[in-house]
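Asks: My structure is stored as input-v4.cif, with mmCIF, C-alpha atoms.
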data_final
loop_
_atom_site.label_atom_id
_atom_site.label_comp_id
_atom_site.auth_asym_id
_atom_site.auth_seq_id
_atom_site.Cartn_x
_atom_site.Cartn_y
_atom_site.Cartn_z
CA TYR A 817 -75.45 98.69 86.43
CA LEU A 818 -72.39 100.23 88.02
CA LEU A 819 -73.17 98.51 91.31
CA ILE A 820 -73.59 95.15 89.56
CA TYR A 821 -70.30 95.67 87.72
CA TYR A 822 -68.54 96.60 90.95
CA ILE A 823 -69.85 93.51 92.75
CA PHE A 824 -68.91 91.28 89.83
CA PHE A 825 -65.42 92.80 89.52
CA SER A 826 -64.80 92.52 93.28
CA PHE A 827 -65.88 88.87 93.23
CA VAL A 828 -63.65 88.00 90.25
CA PHE A 829 -60.73 89.98 91.67
CA SER A 830 -61.00 88.31 95.09
CA ASN A 831 -61.31 84.83 93.59
CA ASP A 832 -58.29 85.42 91.37
CA ILE A 833 -56.18 86.49 94.35
CA LEU A 834 -57.37 83.54 96.45
CA SER A 835 -56.40 81.20 93.59
CA GLN A 836 -52.94 82.76 93.52
CA ILE A 837 -52.63 82.28 97.28
CA ASP A 838 -53.62 78.59 96.97
CA SER A 839 -51.01 78.12 94.26
CA LEU A 840 -48.31 79.76 96.35
CA ASN A 841 -49.19 77.66 99.40
CA ASN A 842 -48.81 74.54 97.24
CA ARG A 843 -45.38 75.77 96.13
CA LEU A 844 -44.26 76.07 99.74
CA ALA A 845 -44.16 72.30 100.11
CA GLY A 846 -41.53 72.08 97.38
CA ALA A 847 -39.50 75.13 98.41
CA ASP A 848 -35.95 73.92 99.04
CA THR A 849 -34.29 77.06 100.33
CA TYR A 850 -35.12 79.65 102.96
CA TYR A 851 -34.87 82.28 100.21
CA GLU A 852 -37.65 80.62 98.17
CA LYS A 853 -39.83 80.36 101.27
CA CYS A 854 -39.30 84.03 102.10
CA LYS A 855 -40.28 85.09 98.60
CA ILE A 856 -43.47 83.02 98.81
CA TYR A 857 -44.44 84.24 102.29
CA LEU A 858 -43.86 87.86 101.23
CA LYS A 859 -45.98 87.42 98.10
CA ILE A 860 -48.79 85.71 100.02
CA GLY A 861 -48.72 88.57 102.52
CA GLU A 862 -48.92 91.13 99.72
CA LEU A 863 -51.92 89.34 98.19
CA TYR A 864 -53.79 89.30 101.51
CA HIS A 865 -52.80 92.96 101.88
CA ASP A 866 -54.49 93.64 98.51
CA LEU A 867 -57.63 92.00 99.90
CA SER A 868 -57.39 94.23 103.02
CA ASN A 869 -57.07 91.08 105.12
CA PHE A 870 -54.40 92.65 107.28
CA ASP A 871 -54.36 89.90 109.93
CA LEU A 872 -53.37 87.23 107.43
CA ALA A 873 -51.05 89.65 105.64
CA LEU A 874 -49.18 90.30 108.88
CA GLU A 875 -49.14 86.59 109.74
CA ASN A 876 -47.31 85.83 106.47
CA TYR A 877 -44.98 88.81 106.69
CA LYS A 878 -43.89 87.63 110.13
CA LYS A 879 -43.08 84.20 108.70
CA VAL A 880 -40.38 85.93 106.64
CA LEU A 881 -38.93 87.24 109.92
CA LEU A 882 -38.33 83.63 111.04
CA TYR A 883 -35.34 83.84 108.68
CA GLU A 884 -34.36 87.36 109.76
CA ASN A 885 -30.82 86.45 110.86
CA ARG A 886 -30.06 84.66 107.59
CA LEU A 887 -31.47 87.50 105.49
CA ILE A 888 -29.61 90.20 107.38
CA SER A 889 -26.29 88.38 106.97
CA ASP A 890 -26.70 87.96 103.20
CA PRO A 891 -26.24 91.27 101.33
CA GLU A 892 -27.97 89.84 98.26
CA GLN A 893 -31.12 88.91 100.19
CA GLN A 894 -31.39 91.85 102.60
CA LYS A 895 -33.79 93.57 100.20
CA PHE A 896 -36.52 91.05 100.97
CA LEU A 897 -36.15 91.64 104.69
CA TYR A 898 -36.57 95.40 104.33
CA ALA A 899 -39.43 95.00 101.87
CA THR A 900 -41.07 92.91 104.59
CA TYR A 901 -40.41 95.53 107.28
CA ASN A 902 -41.99 98.11 104.99
CA SER A 903 -45.08 95.95 104.46
CA ILE A 904 -45.43 95.30 108.20
CA ALA A 905 -45.20 99.05 108.84
CA GLN A 906 -47.99 99.64 106.33
CA VAL A 907 -50.24 97.12 108.11
CA TYR A 908 -49.74 98.87 111.46
CA GLU A 909 -50.35 102.23 109.77
CA GLU A 910 -53.63 100.88 108.35
CA TRP A 911 -54.60 99.91 111.91
CA GLY A 912 -53.70 103.37 113.20
CA ASP A 913 -50.82 102.04 115.30
CA ASN A 914 -48.32 104.67 114.18
CA ASP A 915 -45.84 103.87 116.97
CA LYS A 916 -45.33 100.31 115.73
CA ALA A 917 -45.38 101.46 112.11
CA SER A 918 -42.61 103.95 112.87
CA ILE A 919 -40.44 101.23 114.44
CA TYR A 920 -40.45 99.24 111.19
CA TYR A 921 -40.15 102.30 108.94
CA ASN A 922 -37.11 103.41 110.96
CA ARG A 923 -35.46 100.02 110.45
CA CYS A 924 -36.04 100.44 106.73
CA TYR A 925 -34.54 103.90 106.71
CA ASP A 926 -31.39 102.73 108.47
CA TYR A 927 -30.87 100.30 105.59
CA CYS A 928 -31.90 102.70 102.83
CA ASN A 929 -29.53 105.42 104.03
CA GLU A 930 -26.59 103.11 103.53
CA GLU A 931 -24.47 103.79 100.46
CA ASN A 932 -26.10 102.97 97.09
CA ASN A 933 -29.33 101.63 98.62
CA LEU A 934 -31.54 104.72 98.58
CA LEU A 935 -32.58 104.69 94.94
CA THR A 936 -32.95 100.92 94.53
CA TRP A 937 -35.83 98.54 95.31
CA PRO A 938 -37.29 98.33 97.91
CA CYS A 939 -36.05 101.72 99.15
CA THR A 940 -37.89 103.69 96.50
CA SER A 941 -41.14 102.09 97.72
CA ILE A 942 -40.12 102.63 101.34
CA ILE A 943 -39.54 106.36 100.74
CA LEU A 944 -42.97 106.73 99.14
CA SER A 945 -44.89 104.71 101.73
CA SER A 946 -43.18 106.01 104.89
CA SER A 947 -42.57 109.68 104.20
CA PHE A 948 -45.89 111.13 105.28
CA LEU A 949 -45.96 109.38 108.66
CA ARG A 950 -42.30 110.12 109.39
CA ALA A 951 -42.59 113.81 108.49
CA TYR A 952 -45.93 114.50 110.16
CA PRO A 953 -45.68 117.55 112.47
CA LEU A 954 -45.38 116.80 116.19
CA SER A 955 -48.38 118.00 118.19
CA ASN A 956 -49.14 120.27 115.26
CA GLU A 957 -46.53 122.70 116.63
CA TYR A 958 -43.05 121.29 115.94
CA LEU A 959 -41.41 119.78 112.90
CA SER A 960 -40.77 116.05 113.04
CA ILE A 961 -37.15 115.14 113.74
CA HIS A 962 -37.27 113.25 110.42
CA TYR A 963 -38.69 116.16 108.41
CA SER A 964 -35.44 117.35 106.76
CA GLU A 965 -34.29 113.81 106.03
CA VAL A 966 -37.63 112.88 104.44
CA ILE A 967 -37.68 115.97 102.21
CA SER A 968 -34.05 115.36 101.21
CA ASN A 969 -34.76 111.73 100.27
CA LEU A 970 -37.87 112.71 98.32
CA ASP A 971 -35.81 115.28 96.41
CA LYS A 972 -33.24 112.60 95.55
CA LEU A 973 -36.01 110.25 94.40
CA ILE A 974 -37.61 113.03 92.31
CA LYS A 975 -34.26 113.81 90.65
CA SER A 976 -33.54 110.13 89.93
CA ALA A 977 -37.07 109.39 88.67
CA ASN A 978 -36.94 112.43 86.41
CA GLU A 979 -33.59 111.40 84.95
CA ASN A 980 -34.75 107.79 84.44
CA LYS A 981 -38.21 108.81 83.19
CA ASP A 982 -39.86 106.73 85.91
CA TYR A 983 -43.06 108.73 85.83
CA ALA A 984 -44.97 106.64 88.36
CA ASP A 985 -42.37 107.25 91.09
CA LEU A 986 -41.94 110.86 89.95
CA SER A 987 -45.62 111.75 90.23
CA GLY A 988 -45.95 109.89 93.53
CA ALA A 989 -42.93 111.60 95.06
CA LEU A 990 -44.05 115.05 93.88
CA LEU A 991 -47.52 114.62 95.37
CA ILE A 992 -46.25 113.20 98.65
CA LYS A 993 -43.66 115.95 99.02
CA SER A 994 -46.29 118.62 98.27
CA HIS A 995 -48.65 117.10 100.83
CA ILE A 996 -45.94 117.01 103.48
CA LEU A 997 -44.92 120.61 102.82
CA LEU A 998 -48.50 121.81 103.05
CA GLU A 999 -49.04 119.90 106.31
CA ASN A 1000 -45.97 121.62 107.76
CA SER A 1001 -46.44 125.05 106.18
CA HIS A 1002 -47.72 126.63 109.40
CA ILE A 1003 -44.45 125.62 111.08
CA ASP A 1004 -41.87 125.82 108.30
CA THR A 1005 -42.16 129.48 107.35
CA THR A 1006 -39.46 129.19 104.66
CA LEU A 1007 -41.80 127.38 102.28
CA GLU A 1008 -42.88 129.00 99.04
CA TYR A 1009 -46.44 128.15 98.03
CA ASP A 1010 -45.82 128.88 94.34
CA GLU A 1011 -43.21 126.12 94.23
CA ILE A 1012 -45.55 123.68 95.96
CA ILE A 1013 -48.33 124.48 93.48
CA LYS A 1014 -45.92 123.94 90.57
CA GLN A 1015 -45.03 120.50 91.94
CA ILE A 1016 -48.69 119.55 92.27
CA GLU A 1017 -49.43 120.74 88.73
CA GLN A 1018 -46.45 118.77 87.41
CA ALA A 1019 -47.65 115.60 89.16
CA VAL A 1020 -51.19 116.04 87.84
CA GLU A 1021 -49.88 116.57 84.31
CA ILE A 1022 -47.81 113.38 84.56
CA CYS A 1023 -50.82 111.44 85.81
CA GLU A 1024 -52.97 112.75 82.98
CA ASN A 1025 -50.35 111.79 80.41
CA MET A 1026 -50.16 108.30 81.93
CA LYS A 1027 -53.97 108.10 81.95
CA PHE A 1028 -54.02 107.76 85.75
CA THR A 1029 -56.90 110.21 85.92
CA ASP A 1030 -60.38 109.85 84.50
CA ASP A 1031 -61.05 111.25 81.03
#
Take the structure in the file and give it back as structure tokens.
Replies:
Amino acid sequence: YLLIYYIFFSFVFSNDILSQIDSLNNRLAGADTYYEKCKIYLKIGELYHDLSNFDLALENYKKVLLYENRLISDPEQQKFLYATYNSIAQVYEEWGDNDKASIYYNRCYDYCNEENNLLTWPCTSIILSSSFLRAYPLSNEYLSIHYSEVISNLDKLIKSANENKDYADLSGALLIKSHILLENSHIDTTLEYDEIIKQIEQAVEICENMKFTDD
């Protein structure tokens, strides 16, 4: 029965997403501004991403980059450009091409480290999605050059999410930070395991309270 349910759910889920994609493609014909087109291309890419169709996801993300110069020159619309960079990075990371993923993540970080950007969308998502790759130890012997920056930004996100009671970001940031610290614990000898365990327990408790975990 579980298998039948899974097949049925996957079929319905896929068909629903494909219907959304068809609707968005129809909207493209009536899109009057480059901004509207970028929003539609980004959303279509995200939907294909959800279907794990990374080729078509990347194809639509790159259509946003056709308007890269306009987006970069408009402070109000830059967010969509960096959300797109982040999504492109995630596609390359899915394919195991960490060099290309890092190029796009680094572009995102340059933007997010500007004043007042770090704790706003899409930078909160960028921090969560890029941190592990950026802070992964080099050759298993040396800390990444981004290690300190990543931990610092995660700490800022944890503090902000805690203050704003954004429990989804808080639990995600706590788990990602804990994972990164454990991956680097054989290099960074200043780490305290008790503190890492406390962070993991806090994240698990938040997830349980939000019913993220199974009963």
Asks: Dump as CSV the rows for residues of range 886-976 of chain A within 9 Å of range 996-1017 of chain A: closest atom pair and distance in Å with one decimal, all atoms listed in the file counted, ordered by chain and rising residue number.
Replies:
residue,atom,partner,partner_atom,distance
A:Ser947,CA,A:Ile996,CA,8.1
A:Phe948,CA,A:Ile996,CA,6.1
A:Ala951,CA,A:Ile996,CA,6.8
A:Tyr952,CA,A:Ile996,CA,7.1
A:Pro953,CA,A:Asn1000,CA,6.2
A:Asn956,CA,A:Ile1003,CA,8.3
A:Glu957,CA,A:Ile1003,CA,6.6
A:Tyr958,CA,A:Ile1003,CA,6.7
A:Leu959,CA,A:Ile1003,CA,6.8
A:Tyr963,CA,A:Ile996,CA,8.8
A:Ile967,CA,A:Ile996,CA,8.4
Asks: Can you tell me how far CA of Asp871 in chain A sits from CA of Asn885 in chain A, in Å to one decimal?
Replies: 23.8 Å
Asks: Specify as a list in words each residue included when the PyMOL selection byres ((chain A and resi 986) around 9) is applied to this file.
Replies: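 Output of the PyMOL selection byres ((chain A and resi 986) around 9): Leu973, Ile974, Lys975, Ser976, Ala977, Asn978, Lys981, Asp982, Tyr983, Ala984, Asp985, Ser987, Gly988, Ala989, Leu990, Leu991, Ala1019 and Ile1022 of chain A.
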Asks: Might you spell out which residues the PyMOL selection byres ((chain A and resi 934) around 12) would select in the displayed file, as a list in words?
Replies: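 Checked against the file, the PyMOL selection byres ((chain A and resi 934) around 12) matches Lys895, Cys924, Tyr925, Asp926, Tyr927, Cys928, Asn929, Glu930, Glu931, Asn932, Asn933, Leu935, Thr936, Trp937, Pro938, Cys939, Thr940, Ser941, Ile942, Ile943, Leu944, Val966, Ser968, Asn969, Leu970, Asp971, Lys972, Leu973 and Ser976 of chain A.
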Asks: Mind pulling up the distance from CA of Tyr921 in chain A to CA of Ala905 in chain A?
Replies: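 Between these atoms lies a distance of 6.0 Å.
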Asks: Rank nothing, just name the residue among A:Ser955, A:Glu979, A:Asp915, A:Leu834 nearest to Asn869 in chain A, using all atoms listed in the file.
Replies: A:Leu834
Asks: Identify which of the residues A:Asn842, A:Asn876, A:Asn1025, A:Ser960 lies closest to Thr900 in chain A, counting only C-alpha atoms when measuring atom-to-atom distances.
Replies: A:Asn876
Asks: Selected by the PyMOL selection byres ((chain A and resi 850-863) around 8) in the shown coordinates: which residues, as a list in words?
Replies: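 On the file shown, the PyMOL selection byres ((chain A and resi 850-863) around 8) covers Ile833, Ile837, Leu840, Asn841, Arg843, Leu844, Ala847, Asp848, Thr849, Tyr864, His865, Asp866, Leu867, Leu872, Ala873, Leu874, Glu875, Asn876, Tyr877, Lys879, Val880, Tyr883, Gln893, Phe896, Thr900 and Ser903 of chain A.
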Asks: Expressed in Å to a single decimal, how great is the separation between CA of Tyr898 in chain A and CA of Leu882 in chain A?
Replies: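 Separation between CA of Tyr898 in chain A and CA of Leu882 in chain A: 13.7 Å.
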Asks: So which residues fall inside 12 Å of (-42.8, 104.3, 115.3) if we count only C-alpha atoms? Mind giving them as a list in words?
Replies: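 In the file's frame, the residues around the point are Ile904, Ala905, Gln906, Tyr908, Glu909, Gly912, Asp913, Asn914, Asp915, Lys916, Ala917, Ser918, Ile919, Tyr920, Tyr921, Asn922, Arg923, Cys924, Tyr925, Ser946, Leu949, Arg950, Ala951, Tyr952 and His962 of chain A.
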Asks: Could you work out an axis-aligned bounding box for all listed atoms of range 912-922 of chain A, with 3 Å added on each of the six sides, and give its centre and edge lengths in Å to one decimal, as AutoDock Vina command-line options?
Replies:
--center_x -45.4 --center_y 102.0 --center_z 113.0 --size_x 22.6 --size_y 11.4 --size_z 14.0
Asks: Would it be fine to have range 907-920 of chain A, with all heavy atoms, given as a compact mmCIF listing (two decimals), in the first residue's frame?
Replies:
# COMPACT_ATOMS: atom_id res chain seq x y z
N VAL A 907 22.32 23.69 -8.66
CA VAL A 907 22.28 22.72 -9.76
C VAL A 907 23.66 22.11 -9.96
O VAL A 907 23.81 20.88 -10.05
CB VAL A 907 21.80 23.38 -11.07
CG1 VAL A 907 22.04 22.44 -12.26
CG2 VAL A 907 20.32 23.73 -10.98
N TYR A 908 24.69 22.96 -10.04
CA TYR A 908 26.05 22.44 -10.25
C TYR A 908 26.49 21.58 -9.06
O TYR A 908 27.20 20.58 -9.24
CB TYR A 908 27.03 23.60 -10.46
CG TYR A 908 26.95 24.18 -11.85
CD1 TYR A 908 26.64 25.53 -12.06
CD2 TYR A 908 27.16 23.38 -12.97
CE1 TYR A 908 26.56 26.05 -13.34
CE2 TYR A 908 27.07 23.90 -14.25
CZ TYR A 908 26.77 25.24 -14.43
OH TYR A 908 26.68 25.75 -15.71
N GLU A 909 26.05 21.94 -7.86
CA GLU A 909 26.39 21.12 -6.69
C GLU A 909 25.71 19.75 -6.79
O GLU A 909 26.30 18.73 -6.45
CB GLU A 909 25.97 21.84 -5.41
CG GLU A 909 26.54 21.18 -4.16
CD GLU A 909 26.31 22.00 -2.90
OE1 GLU A 909 25.66 23.07 -2.98
OE2 GLU A 909 26.76 21.57 -1.84
N GLU A 910 24.46 19.73 -7.26
CA GLU A 910 23.77 18.45 -7.47
C GLU A 910 24.53 17.57 -8.47
O GLU A 910 24.57 16.35 -8.33
CB GLU A 910 22.35 18.70 -7.99
CG GLU A 910 21.37 19.26 -6.98
CD GLU A 910 20.83 18.20 -6.04
OE1 GLU A 910 21.15 17.00 -6.23
OE2 GLU A 910 20.08 18.57 -5.12
N TRP A 911 25.13 18.20 -9.47
CA TRP A 911 25.89 17.46 -10.49
C TRP A 911 27.30 17.12 -10.03
O TRP A 911 28.05 16.48 -10.77
CB TRP A 911 25.95 18.29 -11.78
CG TRP A 911 24.68 18.30 -12.57
CD1 TRP A 911 23.66 17.39 -12.49
CD2 TRP A 911 24.28 19.26 -13.56
NE1 TRP A 911 22.65 17.72 -13.36
CE2 TRP A 911 23.00 18.86 -14.04
CE3 TRP A 911 24.88 20.41 -14.08
CZ2 TRP A 911 22.32 19.58 -15.02
CZ3 TRP A 911 24.20 21.12 -15.05
CH2 TRP A 911 22.94 20.71 -15.52
N GLY A 912 27.68 17.58 -8.85
CA GLY A 912 29.03 17.29 -8.35
C GLY A 912 30.10 18.20 -8.91
O GLY A 912 31.29 17.95 -8.70
N ASP A 913 29.69 19.27 -9.60
CA ASP A 913 30.64 20.23 -10.15
C ASP A 913 30.84 21.36 -9.13
O ASP A 913 30.29 22.46 -9.29
CB ASP A 913 30.14 20.78 -11.49
CG ASP A 913 31.21 21.54 -12.25
OD1 ASP A 913 32.19 21.99 -11.60
OD2 ASP A 913 31.08 21.69 -13.48
N ASN A 914 31.60 21.08 -8.09
CA ASN A 914 31.74 22.04 -7.00
C ASN A 914 32.51 23.30 -7.39
O ASN A 914 32.32 24.35 -6.78
CB ASN A 914 32.43 21.36 -5.81
CG ASN A 914 31.55 20.31 -5.16
OD1 ASN A 914 30.33 20.32 -5.34
ND2 ASN A 914 32.14 19.40 -4.42
N ASP A 915 33.37 23.19 -8.40
CA ASP A 915 34.11 24.38 -8.85
C ASP A 915 33.15 25.42 -9.42
O ASP A 915 33.23 26.61 -9.07
CB ASP A 915 35.15 23.99 -9.90
CG ASP A 915 36.31 23.21 -9.30
OD1 ASP A 915 36.52 23.31 -8.07
OD2 ASP A 915 36.99 22.48 -10.05
N LYS A 916 32.24 24.98 -10.30
CA LYS A 916 31.27 25.93 -10.87
C LYS A 916 30.28 26.40 -9.81
O LYS A 916 29.88 27.57 -9.79
CB LYS A 916 30.53 25.28 -12.04
CG LYS A 916 31.35 25.20 -13.31
CD LYS A 916 30.51 24.75 -14.48
CE LYS A 916 31.35 24.72 -15.76
NZ LYS A 916 30.56 24.24 -16.93
N ALA A 917 29.89 25.49 -8.92
CA ALA A 917 28.97 25.88 -7.84
C ALA A 917 29.60 26.98 -7.00
O ALA A 917 28.94 27.97 -6.64
CB ALA A 917 28.63 24.67 -6.98
N SER A 918 30.88 26.84 -6.70
CA SER A 918 31.57 27.82 -5.86
C SER A 918 31.64 29.19 -6.52
O SER A 918 31.54 30.23 -5.85
CB SER A 918 32.99 27.34 -5.54
OG SER A 918 32.95 26.19 -4.72
N ILE A 919 31.79 29.21 -7.85
CA ILE A 919 31.83 30.49 -8.57
C ILE A 919 30.55 31.27 -8.32
O ILE A 919 30.59 32.47 -8.01
CB ILE A 919 32.03 30.25 -10.08
CG1 ILE A 919 33.44 29.74 -10.36
CG2 ILE A 919 31.76 31.54 -10.86
CD1 ILE A 919 33.65 29.27 -11.79
N TYR A 920 29.40 30.60 -8.43
CA TYR A 920 28.12 31.29 -8.25
C TYR A 920 27.84 31.59 -6.79
O TYR A 920 27.29 32.66 -6.46
CB TYR A 920 26.99 30.47 -8.88
CG TYR A 920 27.00 30.55 -10.38
CD1 TYR A 920 27.59 29.56 -11.16
CD2 TYR A 920 26.44 31.65 -11.03
CE1 TYR A 920 27.62 29.66 -12.55
CE2 TYR A 920 26.46 31.76 -12.42
CZ TYR A 920 27.05 30.75 -13.17
OH TYR A 920 27.07 30.86 -14.53
